[in-house]
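Enquirer: One structure follows; several queries about it will come next.
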Amino acid sequence: MEEERSLQVLLEHPPKGFKVIEDNKFELVIRHRNAGMGCMTTFLLVWLGGWGWACVAMLFQYVRPSPDQEPVSLLIVLALWFSEFLVGGFFLYVLARRSFRLEGSMLTFEVEVFGIRKVRTVSKDDIRGVKQVKDGGEGDDSFPSWGLRLETGERRSISLLFRQPHESSRWLGQVLQSRLGVPFHDVPE
């Protein structure tokens, strides 16, 4: 009974970026969006727009070189497009919405970006534990961050969250521990 009350308290006060959509005896649905990244999103949007314009201009210069200018190297054009897609991929990560659905004996983890979904389902019997990991703040990385991994019976781990504040990954870990009945190993700040 005490465990149910502590789970209820957790679910009533989710950290920033989390939203409890459905909570009943049979199903729990939690949605997550990266929060607090408005400035970075704006910067990336402006950067991608300008860089994309430069990519198109360089490609056009490569395909139809001006007689009065030196031709553009294909290597430069490819490097520009590669970095555009690399930063674009990170931008999609920032915009992604994750959801965690616990129903019956299954945990379904879903990542959605612009209507494109990636869904993964794990049986409760295969889950051995939930582990919080520090995934940033060491060496050149000045922003400490933590992730959350699901340990399965296949001796594999599935990354549920990464690059999050300590309390966010800890909150989800505690909720999963309570609802799945598996051990949760957290990391001190």
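Here, A, B, ... name the chains of the structure tokens in the order displayed, residue numbers run from 1 inside each chain, and ligands are numbered from 1 in the same displayed order.
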Set the distance at 6 Å and use only C-alpha atoms: which residues neighbour stretch 172-186 of chain A once local chain neighbours fewer than 4 positions away are removed? I'd like the list as number ranges by chain.
Expert: A: 129-132
Enquirer: Stretch 80-83 of chain A: which residues within 8 Å, counting only C-alpha atoms, same-chain residues fewer than 3 positions away excluded, as number ranges by chain?
Expert: A: 51-52, 55, 76-77, 86-87
Enquirer: Show which residues sit within 9 Å of stretch 92-103 of chain A, as a ChimeraX atom specification. Count only C-alpha atoms, and ignore same-chain residues fewer than 4 positions away.
Expert: /A:22,25-35,37,40-41,87-88,107-114,160-161,176,179-180
Enquirer: Write the residues you've just listed into a file as a tab-separated table (two decimals), in the first residue's frame, and include N, CA, C and O atoms for each of them.
Expert:
```
chain	number	residue	atom	x	y	z
A	22	GLU	N	-2.05	8.59	-19.15
A	22	GLU	CA	-3.04	7.62	-18.67
A	22	GLU	C	-2.45	6.91	-17.47
A	22	GLU	O	-1.31	6.48	-17.48
A	25	LYS	N	-5.06	1.04	-13.24
A	25	LYS	CA	-4.55	-0.25	-12.79
A	25	LYS	C	-3.96	-1.07	-13.94
A	25	LYS	O	-3.05	-1.87	-13.75
A	26	PHE	N	-4.47	-0.86	-15.15
A	26	PHE	CA	-4.09	-1.71	-16.27
A	26	PHE	C	-3.09	-1.06	-17.23
A	26	PHE	O	-2.42	-1.75	-17.97
A	27	GLU	N	-3.01	0.27	-17.19
A	27	GLU	CA	-2.17	0.94	-18.18
A	27	GLU	C	-1.59	2.24	-17.61
A	27	GLU	O	-2.24	2.95	-16.87
A	28	LEU	N	-0.35	2.51	-18.00
A	28	LEU	CA	0.31	3.76	-17.66
A	28	LEU	C	0.99	4.26	-18.92
A	28	LEU	O	1.75	3.53	-19.55
A	29	VAL	N	0.70	5.51	-19.31
A	29	VAL	CA	1.31	6.10	-20.49
A	29	VAL	C	1.97	7.41	-20.06
A	29	VAL	O	1.33	8.27	-19.47
A	30	ILE	N	3.26	7.52	-20.38
A	30	ILE	CA	4.02	8.73	-20.06
A	30	ILE	C	4.63	9.25	-21.35
A	30	ILE	O	5.23	8.49	-22.12
A	31	ARG	N	4.47	10.55	-21.59
A	31	ARG	CA	5.07	11.18	-22.76
A	31	ARG	C	6.21	12.08	-22.30
A	31	ARG	O	6.17	12.67	-21.23
A	32	HIS	N	7.22	12.18	-23.17
A	32	HIS	CA	8.37	13.02	-22.84
A	32	HIS	C	8.83	13.81	-24.07
A	32	HIS	O	8.92	13.26	-25.16
A	33	ARG	N	9.06	15.08	-23.86
A	33	ARG	CA	9.69	15.95	-24.85
A	33	ARG	C	10.85	16.65	-24.17
A	33	ARG	O	10.76	16.99	-23.00
A	34	ASN	N	11.91	16.86	-24.92
A	34	ASN	CA	13.03	17.61	-24.35
A	34	ASN	C	12.55	19.00	-23.98
A	34	ASN	O	11.87	19.66	-24.76
A	35	ALA	N	12.89	19.43	-22.79
A	35	ALA	CA	12.43	20.73	-22.29
A	35	ALA	C	13.63	21.65	-22.08
A	35	ALA	O	14.74	21.19	-21.83
A	37	MET	N	15.11	23.72	-24.20
A	37	MET	CA	16.07	23.82	-25.29
A	37	MET	C	15.60	24.82	-26.35
A	37	MET	O	15.93	24.70	-27.52
A	40	MET	N	18.52	26.71	-28.10
A	40	MET	CA	19.27	25.84	-28.99
A	40	MET	C	18.45	25.49	-30.22
A	40	MET	O	18.98	25.43	-31.33
A	41	THR	N	17.16	25.28	-30.07
A	41	THR	CA	16.30	24.97	-31.20
A	41	THR	C	16.29	26.14	-32.19
A	41	THR	O	16.41	25.94	-33.40
A	87	VAL	N	23.93	17.80	-38.39
A	87	VAL	CA	23.27	18.75	-37.49
A	87	VAL	C	21.75	18.59	-37.59
A	87	VAL	O	21.04	18.70	-36.58
A	88	GLY	N	21.24	18.28	-38.77
A	88	GLY	CA	19.80	18.04	-38.94
A	88	GLY	C	19.33	16.86	-38.10
A	88	GLY	O	18.25	16.88	-37.51
A	107	LEU	N	6.16	-3.46	-21.92
A	107	LEU	CA	6.60	-2.07	-21.94
A	107	LEU	C	6.84	-1.72	-23.40
A	107	LEU	O	7.62	-2.37	-24.08
A	108	THR	N	6.13	-0.72	-23.88
A	108	THR	CA	6.31	-0.27	-25.25
A	108	THR	C	6.94	1.11	-25.21
A	108	THR	O	6.45	2.01	-24.54
A	109	PHE	N	8.04	1.26	-25.92
A	109	PHE	CA	8.80	2.50	-25.98
A	109	PHE	C	8.72	3.02	-27.41
A	109	PHE	O	8.97	2.29	-28.36
A	110	GLU	N	8.33	4.27	-27.56
A	110	GLU	CA	8.10	4.83	-28.89
A	110	GLU	C	8.79	6.19	-29.02
A	110	GLU	O	8.75	7.01	-28.11
A	111	VAL	N	9.45	6.40	-30.15
A	111	VAL	CA	10.05	7.69	-30.47
A	111	VAL	C	9.38	8.17	-31.74
A	111	VAL	O	9.29	7.43	-32.72
A	112	GLU	N	8.91	9.42	-31.72
A	112	GLU	CA	8.21	9.97	-32.88
A	112	GLU	C	8.78	11.34	-33.24
A	112	GLU	O	8.96	12.20	-32.39
A	113	VAL	N	9.07	11.49	-34.53
A	113	VAL	CA	9.54	12.77	-35.07
A	113	VAL	C	8.79	13.02	-36.37
A	113	VAL	O	8.87	12.21	-37.30
A	114	PHE	N	8.04	14.11	-36.43
A	114	PHE	CA	7.28	14.49	-37.63
A	114	PHE	C	6.42	13.35	-38.16
A	114	PHE	O	6.34	13.11	-39.36
A	160	LEU	N	16.58	4.24	-22.92
A	160	LEU	CA	15.26	4.87	-22.88
A	160	LEU	C	15.37	6.38	-22.95
A	160	LEU	O	14.58	7.04	-23.60
A	161	LEU	N	16.33	6.94	-22.24
A	161	LEU	CA	16.56	8.38	-22.21
A	161	LEU	C	18.06	8.62	-22.25
A	161	LEU	O	18.84	7.80	-21.76
A	176	LEU	N	9.29	3.32	-13.32
A	176	LEU	CA	9.39	1.99	-13.94
A	176	LEU	C	9.66	0.91	-12.89
A	176	LEU	O	9.10	-0.18	-12.97
A	179	ARG	N	6.31	0.28	-11.09
A	179	ARG	CA	5.27	-0.33	-11.92
A	179	ARG	C	5.66	-1.71	-12.44
A	179	ARG	O	4.81	-2.59	-12.55
A	180	LEU	N	6.97	-1.90	-12.74
A	180	LEU	CA	7.42	-3.19	-13.29
A	180	LEU	C	7.86	-4.16	-12.20
A	180	LEU	O	7.97	-5.36	-12.45
```
Enquirer: As number ranges by chain, please: every residue in chain A that a backbone DSSP assignment puts in alpha helix (DSSP H).
Expert: A: 2-12, 38-63, 74-95, 166-180
Enquirer: Between atom CA of A:Phe162 and atom CA of A:Asn24, what distance in Å does the model show, to one decimal?
Expert: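 Taking atom CA of A:Phe162 and atom CA of A:Asn24, their separation equals 27.1 Å.
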